[in-house]
file start.cif (mmCIF, C-alpha atoms)
data_upload
loop_
_atom_site.label_atom_id
_atom_site.label_comp_id
_atom_site.auth_asym_id
_atom_site.auth_seq_id
_atom_site.Cartn_x
_atom_site.Cartn_y
_atom_site.Cartn_z
CA MET A 173 -34.79 -6.35 -19.45
CA PRO A 174 -33.81 -9.99 -19.03
CA PRO A 175 -32.11 -11.46 -22.13
CA ARG A 176 -34.87 -13.91 -22.92
CA PRO A 177 -38.09 -13.71 -24.88
CA LEU A 178 -41.05 -12.34 -22.96
CA SER A 179 -44.60 -12.06 -24.11
CA PRO A 180 -46.60 -10.14 -25.02
CA HIS A 181 -44.95 -6.82 -25.76
CA LEU A 182 -48.05 -4.81 -26.43
CA SER A 183 -46.05 -2.00 -27.98
CA VAL A 184 -44.30 -4.01 -30.69
CA TYR A 185 -47.18 -5.98 -32.16
CA LYS A 186 -49.40 -4.64 -34.87
CA PHE A 187 -52.93 -4.43 -33.52
CA LYS A 188 -55.16 -7.36 -34.42
CA TYR A 189 -58.43 -8.33 -32.86
CA THR A 190 -57.06 -11.80 -32.13
CA LEU A 191 -54.60 -9.94 -29.90
CA THR A 192 -57.55 -8.34 -28.11
CA THR A 193 -59.04 -11.73 -27.26
CA SER A 194 -55.73 -12.76 -25.73
CA ILE A 195 -55.22 -9.66 -23.60
CA LEU A 196 -58.89 -9.76 -22.55
CA ASN A 197 -58.35 -13.30 -21.32
CA ARG A 198 -55.57 -12.07 -19.04
CA LEU A 199 -57.52 -9.03 -17.86
CA THR A 200 -60.62 -11.06 -17.04
CA GLY A 201 -58.44 -13.67 -15.32
CA VAL A 202 -56.90 -11.07 -13.03
CA GLY A 203 -60.38 -9.64 -12.41
CA LEU A 204 -61.68 -13.08 -11.45
CA SER A 205 -58.78 -13.45 -8.99
CA LEU A 206 -60.15 -10.37 -7.23
CA GLY A 207 -63.59 -11.99 -7.40
CA LEU A 208 -62.16 -15.03 -5.62
CA LEU A 209 -60.91 -12.70 -2.89
CA LEU A 210 -64.43 -11.29 -2.58
CA LEU A 211 -65.90 -14.82 -2.43
CA VAL A 212 -63.55 -15.88 0.36
CA TYR A 213 -64.31 -12.67 2.28
CA TRP A 214 -68.01 -13.58 2.09
CA LEU A 215 -67.37 -17.23 3.05
CA MET A 216 -65.37 -16.10 6.10
CA ALA A 217 -68.17 -13.72 7.07
CA VAL A 218 -70.73 -16.54 6.80
CA ALA A 219 -68.47 -18.77 8.91
CA SER A 220 -68.12 -16.05 11.53
CA GLY A 221 -71.85 -16.05 12.24
CA ALA A 222 -75.05 -14.22 11.40
CA HIS A 223 -73.85 -10.93 12.89
CA ALA A 224 -70.60 -10.90 10.90
CA GLN A 225 -72.43 -11.87 7.73
CA ALA A 226 -74.90 -9.02 8.20
CA ARG A 227 -71.96 -6.62 8.61
CA ALA A 228 -70.34 -7.97 5.41
CA ALA A 229 -73.70 -7.82 3.61
CA ARG A 230 -73.86 -4.05 4.24
CA LEU A 231 -70.66 -3.71 2.21
CA LEU A 232 -71.60 -6.38 -0.35
CA SER A 233 -75.02 -4.83 -1.04
CA LEU A 234 -73.74 -1.31 -1.71
CA PRO A 235 -75.08 0.01 -5.03
CA VAL A 236 -71.55 0.10 -6.49
CA MET A 237 -71.21 -3.65 -5.84
CA LYS A 238 -73.85 -4.26 -8.52
CA LEU A 239 -71.27 -2.95 -11.00
CA VAL A 240 -68.63 -5.25 -9.51
CA TYR A 241 -70.92 -8.28 -9.84
CA ALA A 242 -71.79 -7.32 -13.41
CA ALA A 243 -68.08 -7.03 -14.20
CA LEU A 244 -67.43 -10.42 -12.57
CA ILE A 245 -70.22 -12.04 -14.61
CA ILE A 246 -68.79 -10.56 -17.81
CA ALA A 247 -65.28 -11.64 -16.83
CA PHE A 248 -66.40 -15.15 -15.88
CA CYS A 249 -68.33 -15.76 -19.10
CA TYR A 250 -65.53 -14.42 -21.26
CA HIS A 251 -62.72 -16.23 -19.41
CA LEU A 252 -64.68 -19.50 -19.52
CA SER A 253 -65.27 -19.32 -23.29
CA ALA A 254 -61.79 -18.07 -24.09
CA GLY A 255 -60.31 -20.68 -21.76
CA VAL A 256 -62.06 -23.50 -23.61
CA ARG A 257 -60.64 -22.03 -26.84
CA HIS A 258 -57.15 -22.21 -25.33
CA LEU A 259 -57.74 -25.83 -24.32
CA VAL A 260 -58.72 -26.65 -27.91
CA TRP A 261 -55.55 -24.89 -29.12
CA ASP A 262 -53.52 -27.02 -26.69
CA THR A 263 -54.62 -30.12 -28.59
CA GLY A 264 -53.03 -28.58 -31.68
CA ARG A 265 -56.31 -27.76 -33.41
CA GLY A 266 -57.60 -24.44 -34.68
CA LEU A 267 -54.26 -22.64 -34.85
CA GLU A 268 -54.46 -21.54 -38.49
CA ARG A 269 -55.02 -17.83 -38.92
CA VAL A 270 -58.49 -18.13 -40.43
CA GLN A 271 -59.57 -20.63 -37.79
CA ALA A 272 -58.22 -18.42 -34.99
CA GLN A 273 -60.09 -15.42 -36.37
CA ARG A 274 -63.28 -17.42 -36.64
CA SER A 275 -62.95 -18.81 -33.11
CA ALA A 276 -62.27 -15.30 -31.81
CA TRP A 277 -65.73 -14.29 -33.02
CA LEU A 278 -67.19 -17.54 -31.72
CA VAL A 279 -65.78 -16.76 -28.26
CA VAL A 280 -67.27 -13.25 -28.39
CA GLY A 281 -70.67 -14.62 -29.43
CA VAL A 282 -70.77 -17.47 -26.93
CA SER A 283 -69.57 -15.31 -24.06
CA ILE A 284 -72.13 -12.57 -24.79
CA ALA A 285 -74.90 -15.21 -24.85
CA LEU A 286 -73.61 -16.60 -21.54
CA MET A 287 -73.40 -13.08 -20.06
CA LEU A 288 -77.03 -12.41 -20.95
CA LEU A 289 -78.14 -15.75 -19.48
CA VAL A 290 -76.14 -15.45 -16.24
CA GLY A 291 -76.95 -11.74 -15.96
CA TYR A 292 -80.66 -12.48 -16.25
CA CYS A 293 -80.45 -15.22 -13.59
CA ALA A 294 -78.42 -12.92 -11.33
CA TRP A 295 -81.00 -10.17 -11.80
CA LEU A 296 -83.72 -12.65 -10.77
CA ALA A 297 -81.61 -13.73 -7.78
CA GLY A 298 -81.05 -10.10 -6.82
CA ALA A 299 -84.78 -9.42 -7.08
CA ARG A 300 -85.41 -12.21 -4.52
CA GLY A 301 -83.70 -10.02 -1.93
CA PRO A 302 -80.51 -10.22 0.14
CA MET B 108 -16.30 -36.85 -2.02
CA SER B 109 -16.97 -37.21 -5.68
CA LEU B 110 -14.56 -35.64 -8.11
CA ARG B 111 -17.17 -35.50 -10.83
CA SER B 112 -18.27 -32.02 -11.80
CA PRO B 113 -21.94 -31.08 -11.34
CA LEU B 114 -22.29 -31.00 -15.13
CA GLY B 115 -20.73 -34.45 -15.46
CA LYS B 116 -23.21 -35.84 -12.95
CA VAL B 117 -26.26 -34.76 -14.90
CA LEU B 118 -25.04 -35.22 -18.48
CA GLY B 119 -26.97 -37.98 -20.15
CA ALA B 120 -29.44 -38.31 -17.27
CA GLY B 121 -32.18 -36.65 -19.26
CA SER B 122 -34.33 -33.74 -18.14
CA ALA B 123 -35.86 -33.64 -14.67
CA LYS B 124 -39.30 -33.60 -16.38
CA GLN B 125 -40.24 -30.58 -14.28
CA GLY B 126 -40.04 -27.98 -17.03
CA VAL B 127 -43.69 -28.08 -17.98
CA HIS B 128 -45.15 -28.63 -14.52
CA ASP B 129 -46.70 -25.16 -14.11
CA TRP B 130 -47.92 -25.17 -17.71
CA TRP B 131 -49.54 -28.57 -17.18
CA MET B 132 -51.13 -27.60 -13.85
CA GLN B 133 -52.59 -24.50 -15.49
CA ARG B 134 -54.32 -26.78 -18.03
CA LEU B 135 -55.42 -29.37 -15.46
CA THR B 136 -56.90 -26.73 -13.16
CA SER B 137 -58.67 -25.05 -16.08
CA VAL B 138 -60.24 -28.34 -17.16
CA ALA B 139 -61.38 -28.94 -13.57
CA LEU B 140 -62.71 -25.40 -13.27
CA VAL B 141 -65.06 -25.73 -16.25
CA PRO B 142 -67.55 -27.96 -14.37
CA LEU B 143 -66.68 -26.61 -10.90
CA SER B 144 -67.21 -22.94 -11.77
CA ILE B 145 -70.42 -23.64 -13.70
CA TRP B 146 -71.70 -25.65 -10.73
CA PHE B 147 -70.75 -22.80 -8.38
CA VAL B 148 -72.45 -20.06 -10.40
CA VAL B 149 -75.60 -22.13 -10.96
CA SER B 150 -75.95 -23.14 -7.32
CA LEU B 151 -75.18 -19.63 -6.02
CA LEU B 152 -77.81 -18.14 -8.31
CA SER B 153 -80.38 -20.80 -7.36
CA LEU B 154 -80.19 -19.89 -3.66
CA PRO B 155 -83.65 -18.72 -2.55
CA SER B 156 -82.05 -15.97 -0.46
CA PHE B 157 -78.69 -14.87 0.91
CA ASN B 158 -79.64 -14.68 4.58
CA HIS B 159 -77.44 -16.49 7.08
CA ALA B 160 -79.71 -19.48 7.75
CA THR B 161 -80.19 -20.20 4.04
CA VAL B 162 -76.50 -19.86 3.19
CA VAL B 163 -75.44 -22.00 6.18
CA ALA B 164 -77.94 -24.70 5.21
CA TRP B 165 -76.59 -24.61 1.65
CA MET B 166 -72.91 -24.68 2.63
CA GLY B 167 -73.58 -27.37 5.22
CA GLY B 168 -74.65 -29.94 2.65
CA SER B 169 -71.90 -32.55 2.33
CA TRP B 170 -71.61 -32.42 -1.44
CA THR B 171 -71.93 -28.64 -1.52
CA ALA B 172 -69.19 -28.26 1.09
CA LEU B 173 -66.94 -30.71 -0.74
CA LEU B 174 -67.45 -29.05 -4.14
CA LEU B 175 -67.03 -25.56 -2.63
CA ILE B 176 -63.71 -26.58 -1.07
CA LEU B 177 -62.53 -28.08 -4.36
CA PHE B 178 -63.68 -24.97 -6.23
CA VAL B 179 -61.84 -22.56 -3.90
CA LEU B 180 -58.66 -24.68 -3.91
CA VAL B 181 -58.54 -25.25 -7.66
CA ALA B 182 -59.51 -21.63 -8.42
CA ALA B 183 -56.81 -20.33 -6.06
CA TRP B 184 -54.21 -22.58 -7.69
CA HIS B 185 -55.28 -21.57 -11.21
CA SER B 186 -55.38 -17.91 -10.20
CA GLN B 187 -51.92 -18.09 -8.64
CA LEU B 188 -50.42 -19.62 -11.80
CA GLY B 189 -52.14 -17.04 -14.01
CA VAL B 190 -51.31 -13.96 -11.94
CA ARG B 191 -47.73 -15.19 -11.61
CA VAL B 192 -47.31 -15.31 -15.40
CA VAL B 193 -48.76 -11.81 -15.71
CA VAL B 194 -46.34 -10.50 -13.07
CA GLU B 195 -43.41 -12.27 -14.75
CA ASP B 196 -44.35 -10.66 -18.05
CA TYR B 197 -44.98 -7.11 -16.93
CA VAL B 198 -42.91 -6.44 -13.79
CA HIS B 199 -39.42 -6.01 -15.18
CA SER B 200 -37.21 -4.95 -12.28
CA ALA B 201 -35.92 -8.00 -10.46
CA GLY B 202 -36.51 -6.66 -6.95
CA ALA B 203 -40.08 -5.53 -7.53
CA ARG B 204 -40.81 -8.78 -9.35
CA THR B 205 -39.60 -10.95 -6.48
CA VAL B 206 -41.57 -8.94 -3.93
CA THR B 207 -44.71 -9.08 -6.09
CA LEU B 208 -44.35 -12.82 -6.75
CA VAL B 209 -43.89 -13.59 -3.06
CA SER B 210 -46.92 -11.42 -2.18
CA VAL B 211 -48.99 -13.18 -4.87
CA MET B 212 -48.00 -16.58 -3.42
CA PHE B 213 -48.80 -15.56 0.15
CA ALA B 214 -52.10 -13.94 -0.83
CA HIS B 215 -53.24 -17.04 -2.71
CA THR B 216 -52.22 -19.35 0.14
CA LEU B 217 -54.24 -17.18 2.50
CA ILE B 218 -57.24 -17.18 0.15
CA ALA B 219 -57.15 -20.96 -0.26
CA ALA B 220 -56.72 -21.64 3.46
CA ALA B 221 -59.43 -19.15 4.49
CA GLY B 222 -61.88 -20.55 1.94
CA VAL B 223 -61.36 -24.15 3.09
CA PHE B 224 -61.51 -23.15 6.77
CA ALA B 225 -64.72 -21.16 6.31
CA VAL B 226 -66.53 -23.95 4.46
CA LEU B 227 -65.40 -26.60 6.96
CA LYS B 228 -66.45 -24.45 9.92
CA VAL B 229 -69.93 -24.04 8.46
CA ALA B 230 -70.15 -27.69 7.36
CA PHE B 231 -69.22 -28.93 10.84
CA GLY B 232 -71.95 -26.77 12.34
CA ALA B 233 -69.70 -24.26 14.11
CA ALA B 234 -71.06 -21.12 12.44
CA SER B 235 -73.87 -19.83 14.62
#

call {"tool": "encode", "arguments": {"input": "start.cif", "output": "structure tokens"}}
result
Amino acid sequence: MPPRPLSPHLSVYKFKYTLTTSILNRLTGVGLSLGLLLLVYWLMAVASGAHAQARAARLLSLPVMKLVYAALIIAFCYHLSAGVRHLVWDTGRGLERVQAQRSAWLVVGVSIALMLLVGYCAWLAGARGP
Amino acid sequence: MSLRSPLGKVLGAGSAKQGVHDWWMQRLTSVALVPLSIWFVVSLLSLPSFNHATVVAWMGGSWTALLLILFVLVAAWHSQLGVRVVVEDYVHSAGARTVTLVSVMFAHTLIAAAGVFAVLKVAFGAAS
């Protein structure tokens, strides 16, 4: 181990739900990085012509990809809300324990509302066909 | 040749003001991504279909192409900074960490370049 402070050591902290919001932010961020990879794969397929896009669409329209898109929507909505919370923290506001606990619940509420909204729109978009 | 020691040269010169660069870029990119990502999700979900002609017509619009390029670039930058911090926190052996960090850098450069190239190719009408 390097002789400098590293964060967060999951094993040494007492579990708190404010800790969950932080680790979820990282998890969803890494998930969205994989989503970016997927997006660029699709963009390259589109740029390579109708034939290449049709080939990519066979992979992208597999039933299991519905789960991936659902996970990406959840990750996006959560990371967006939690990210805005971090930006507010960066201004020095909302760092008291009670405020942080309240904003943790606010993030959960807002991101679930966003997930339902985006999920519904995605379901409509999916129903329009590939 | 100067006889001054390296320490003597920098003492009193102040910091190089580079210490918070990555931290600051992470914030700047996240602020930019709030509107960019919302725009991207909304416009992707408002596409009438995902067939080639429709997608090419969408990506070929000047503003769409411009915003898509910005979105891919800023998202790749933000992603690179974020994944790097995760790797620095959780990959403890120095060798594995260096290899992972270099791979993360290369992968993100590839993603950013491919995204920009793909959008430009479509926007300039070269995707048949």

call {"tool": "resolve_selection", "arguments": {"input": "start.cif", "expression": "the PyMOL selection byres ((chain A) within 9 of (chain B))", "output": "PyMOL selection string"}}
result
chain A and resi 173-174+178-181+198+201-202+204-205+208-209+211-213+215-223+225-226+248+252+255-256+259+262+290+293-294+296-298+300-302

call {"tool": "write_last_selection", "arguments": {"input": "start.cif", "atoms": "C-alpha atoms", "output": "mmCIF file, keeping the file's coordinate frame"}}
result
data_model
loop_
_atom_site.group_PDB
_atom_site.id
_atom_site.type_symbol
_atom_site.label_atom_id
_atom_site.label_comp_id
_atom_site.auth_asym_id
_atom_site.auth_seq_id
_atom_site.Cartn_x
_atom_site.Cartn_y
_atom_site.Cartn_z
ATOM 1 C CA MET A 173 -34.790 -6.350 -19.450
ATOM 2 C CA PRO A 174 -33.810 -9.990 -19.030
ATOM 3 C CA LEU A 178 -41.050 -12.340 -22.960
ATOM 4 C CA SER A 179 -44.600 -12.060 -24.110
ATOM 5 C CA PRO A 180 -46.600 -10.140 -25.020
ATOM 6 C CA HIS A 181 -44.950 -6.820 -25.760
ATOM 7 C CA ARG A 198 -55.570 -12.070 -19.040
ATOM 8 C CA GLY A 201 -58.440 -13.670 -15.320
ATOM 9 C CA VAL A 202 -56.900 -11.070 -13.030
ATOM 10 C CA LEU A 204 -61.680 -13.080 -11.450
ATOM 11 C CA SER A 205 -58.780 -13.450 -8.990
ATOM 12 C CA LEU A 208 -62.160 -15.030 -5.620
ATOM 13 C CA LEU A 209 -60.910 -12.700 -2.890
ATOM 14 C CA LEU A 211 -65.900 -14.820 -2.430
ATOM 15 C CA VAL A 212 -63.550 -15.880 0.360
ATOM 16 C CA TYR A 213 -64.310 -12.670 2.280
ATOM 17 C CA LEU A 215 -67.370 -17.230 3.050
ATOM 18 C CA MET A 216 -65.370 -16.100 6.100
ATOM 19 C CA ALA A 217 -68.170 -13.720 7.070
ATOM 20 C CA VAL A 218 -70.730 -16.540 6.800
ATOM 21 C CA ALA A 219 -68.470 -18.770 8.910
ATOM 22 C CA SER A 220 -68.120 -16.050 11.530
ATOM 23 C CA GLY A 221 -71.850 -16.050 12.240
ATOM 24 C CA ALA A 222 -75.050 -14.220 11.400
ATOM 25 C CA HIS A 223 -73.850 -10.930 12.890
ATOM 26 C CA GLN A 225 -72.430 -11.870 7.730
ATOM 27 C CA ALA A 226 -74.900 -9.020 8.200
ATOM 28 C CA PHE A 248 -66.400 -15.150 -15.880
ATOM 29 C CA LEU A 252 -64.680 -19.500 -19.520
ATOM 30 C CA GLY A 255 -60.310 -20.680 -21.760
ATOM 31 C CA VAL A 256 -62.060 -23.500 -23.610
ATOM 32 C CA LEU A 259 -57.740 -25.830 -24.320
ATOM 33 C CA ASP A 262 -53.520 -27.020 -26.690
ATOM 34 C CA VAL A 290 -76.140 -15.450 -16.240
ATOM 35 C CA CYS A 293 -80.450 -15.220 -13.590
ATOM 36 C CA ALA A 294 -78.420 -12.920 -11.330
ATOM 37 C CA LEU A 296 -83.720 -12.650 -10.770
ATOM 38 C CA ALA A 297 -81.610 -13.730 -7.780
ATOM 39 C CA GLY A 298 -81.050 -10.100 -6.820
ATOM 40 C CA ARG A 300 -85.410 -12.210 -4.520
ATOM 41 C CA GLY A 301 -83.700 -10.020 -1.930
ATOM 42 C CA PRO A 302 -80.510 -10.220 0.140
#

call {"tool": "atom_distance", "arguments": {"input": "start.cif", "atom1": "CA of Val211 in chain B", "atom2": "CA of Ser150 in chain B"}}
result
28.8 Å

call {"tool": "atom_distance", "arguments": {"input": "start.cif", "atom1": "CA of Leu208 in chain B", "atom2": "CA of Leu188 in chain B"}}
result
10.4 Å

call {"tool": "resolve_selection", "arguments": {"input": "start.cif", "expression": "the PyMOL selection byres ((chain A and resi 253) around 9)", "output": "list in words"}}
result
Phe248, Cys249, Tyr250, His251, Leu252, Ala254, Gly255, Val256, Arg257, His258, Leu278, Val279, Val280, Val282, Ser283 and Leu286 of chain A

call {"tool": "atom_distance", "arguments": {"input": "start.cif", "atom1": "CA of Thr193 in chain A", "atom2": "CA of Gly266 in chain A"}}
result
14.8 Å
